[in-house]
Amino acid sequence: MGETVLVISGASGAIYGVRLAEILGPKARLVVTDAGRLTLKHECEGLTPEELAERTGSTLESNDDIAAKSASGSAQIDAVVICPCSGTTLGKLASGIGDNLATRSGIVALKEKRKLIIVPRETPYATVHLENLTKLSSWGAIVLPASPGFYNLPKTIDDMVDFVVSRILDHLGHNNDLSKRWTGEELT
Ligand SMILES: Cc1cc2nc3c(=O)[nH]c(=O)nc-3n(C[C@H](O)[C@H](O)[C@H](O)COP(=O)(O)O)c2cc1C
């Protein structure tokens, strides 16, 4: 069983990546971009990538280390999740640019036909974002926006985060009960 590369890039919503790292634990190889380091610090009470890796048991790889395990097509990696995914990282992926470990692991996922889950966060989207998402979707990536649903009546921010993270885990094939599932009985 391979590992999952978890990239936290510099879009708002670092908390989604943090929650995912907590669930994946040692199965995650964590890559945080420079801007991701800033959003993590700003949005998650000063948390550093090093502290996150230590707390969750995940393996932290440097975004500058283009020779790290996550950069290789022959490494046993099951999936790459970019959560949250900034417009910059999105644009690089849609252009085939792998200039750091975050983007390189995404490009490798495309070439190796590994599962690639992109969790974009921007509002509104520019046409270039929409075109890039369309490109990546047509190449097999799963575009799973950080768009929590409200039909399960969330009470807290954690509930809303867990809604999105639960859908990511579903697509990774990871059984989870993070969020209440729709049964079809709710409106009857
Ligand atoms: C506090 C903060 C919030 C940001 N939020 C977003 C965002 O929601 N979406 C986005 O695409 N970029 C956002 N940015 C801008 C990106 O960080 C910037 O485009 C950067 O180049 C992304 O680099 P990366 O993809 O290597 O992480 C934000 C920047 C900061 C400092």
# chains A, B, ... in the order shown; residues from 1 in each chain; ligands from 1

$ residues_near_ligand --ligand "ligand 1" --cutoff "6 Å" --atoms "only C-alpha atoms and all ligand atoms" --output "list in words"
Ser9, Gly10, Ala11, Ser12, Thr33, Ala35, Gly36, Thr39, Ser86, Gly87, Thr88, Thr89, Arg121 and Glu122 of chain A

$ residues_around --residues "Leu169 in chain A" --least-positions-apart "5" --cutoff "10 Å" --atoms "only C-alpha atoms" --output "list of chain:residue names"
A:Leu20, A:Ile23, A:Leu24, A:Val164, A:His174, A:Asn175, A:Asn176, A:Asp177, A:Leu178

$ write_last_selection --atoms "N, CA and C atoms" --output "short mmCIF file (atom, residue, chain, number, x, y, z; two decimals), in the first residue's frame"
data_model
loop_
_atom_site.label_atom_id
_atom_site.label_comp_id
_atom_site.auth_asym_id
_atom_site.auth_seq_id
_atom_site.Cartn_x
_atom_site.Cartn_y
_atom_site.Cartn_z
N LEU A 20 -7.02 16.92 7.09
CA LEU A 20 -6.69 15.74 6.27
C LEU A 20 -5.41 15.08 6.78
N ILE A 23 -6.14 12.95 9.78
CA ILE A 23 -6.79 11.66 9.49
C ILE A 23 -5.81 10.69 8.82
N LEU A 24 -5.03 11.19 7.87
CA LEU A 24 -4.12 10.30 7.13
C LEU A 24 -2.92 9.88 7.97
N VAL A 164 -16.02 18.68 3.85
CA VAL A 164 -15.14 18.67 2.67
C VAL A 164 -14.11 17.54 2.79
N HIS A 174 -11.05 5.90 1.47
CA HIS A 174 -10.74 5.83 2.91
C HIS A 174 -12.07 5.89 3.66
N ASN A 175 -12.46 4.76 4.26
CA ASN A 175 -13.73 4.73 5.01
C ASN A 175 -13.73 5.79 6.10
N ASN A 176 -14.81 6.49 6.22
CA ASN A 176 -14.86 7.52 7.26
C ASN A 176 -16.29 7.87 7.61
N ASP A 177 -16.43 8.37 8.84
CA ASP A 177 -17.73 8.84 9.34
C ASP A 177 -17.62 10.29 9.77
N LEU A 178 -16.80 11.04 9.08
CA LEU A 178 -16.53 12.41 9.52
C LEU A 178 -17.76 13.29 9.46
#

$ select_by_dssp --residues "chain A" --states "strand (DSSP E)" --output "ChimeraX atom specification"
/A:3-8,28-32,59-61,77-85,115-120,142-143

$ atom_distance --atom1 "CA of Ala71 in chain A" --atom2 "CA of Ser105 in chain A"
5.1 Å

$ closest_residue --among "A:Leu40, A:Leu136, A:Val143, A:Ile77" --to "Glu112 in chain A" --atoms "only C-alpha atoms"
A:Ile77

$ residues_around --residues "Arg167 in chain A" --least-positions-apart "4" --cutoff "9 Å" --atoms "only C-alpha atoms" --output "list in words"
Leu144, Asp162, Phe163, His171, Leu172 and Ser179 of chain A

$ write_last_selection --atoms "C-alpha atoms" --output "mmCIF file, in the first residue's frame"
data_model
loop_
_atom_site.group_PDB
_atom_site.id
_atom_site.type_symbol
_atom_site.label_atom_id
_atom_site.label_comp_id
_atom_site.auth_asym_id
_atom_site.auth_seq_id
_atom_site.Cartn_x
_atom_site.Cartn_y
_atom_site.Cartn_z
ATOM 1 C CA LEU A 144 -13.309 18.815 -5.375
ATOM 2 C CA ASP A 162 -15.161 17.757 8.024
ATOM 3 C CA PHE A 163 -17.789 17.839 5.284
ATOM 4 C CA HIS A 171 -12.420 9.702 -3.203
ATOM 5 C CA LEU A 172 -9.257 8.280 -1.668
ATOM 6 C CA SER A 179 -19.752 13.878 8.287
#

$ residues_around --residues "Gly173 in chain A" --least-positions-apart "6" --cutoff "12 Å" --atoms "only C-alpha atoms" --output "list in words"
Thr4, Leu24, Asp78, Ala79, Lys115, Ser166 and Arg167 of chain A

$ closest_residue --among "A:Gly2, A:Gly106, A:Pro154, A:Gly96" --to "Val31 in chain A" --atoms "only C-alpha atoms"
A:Gly106

$ closest_residue --among "A:Leu110, A:Val80, A:Ile15, A:Ile142" --to "Ser95 in chain A" --atoms "only C-alpha atoms"
A:Leu110

$ residues_around --residues "Ile107 in chain A" --least-positions-apart "5" --cutoff "8 Å" --atoms "only C-alpha atoms" --output "mmCIF file with C-alpha atoms, in the first residue's frame"
data_model
loop_
_atom_site.group_PDB
_atom_site.id
_atom_site.type_symbol
_atom_site.label_atom_id
_atom_site.label_comp_id
_atom_site.auth_asym_id
_atom_site.auth_seq_id
_atom_site.Cartn_x
_atom_site.Cartn_y
_atom_site.Cartn_z
ATOM 1 C CA LEU A 93 -0.341 22.032 -13.152
ATOM 2 C CA GLY A 96 2.736 21.039 -17.128
ATOM 3 C CA ILE A 97 5.068 22.996 -14.860
ATOM 4 C CA GLY A 98 6.661 21.006 -12.031
#

$ atom_distance --atom1 "CA of Val108 in chain A" --atom2 "CA of Pro84 in chain A"
18.5 Å

$ atom_distance --atom1 "CA of Ala28 in chain A" --atom2 "CA of Asn152 in chain A"
28.1 Å

$ closest_residue --among "A:Leu30, A:Leu101, A:Met160, A:Val81" --to "Ser147 in chain A" --atoms "only C-alpha atoms"
A:Met160

$ select_by_dssp --residues "range 122-172 of chain A" --states "alpha helix (DSSP H)" --output "VMD selection string"
chain A and resid 127 to 138 157 to 172
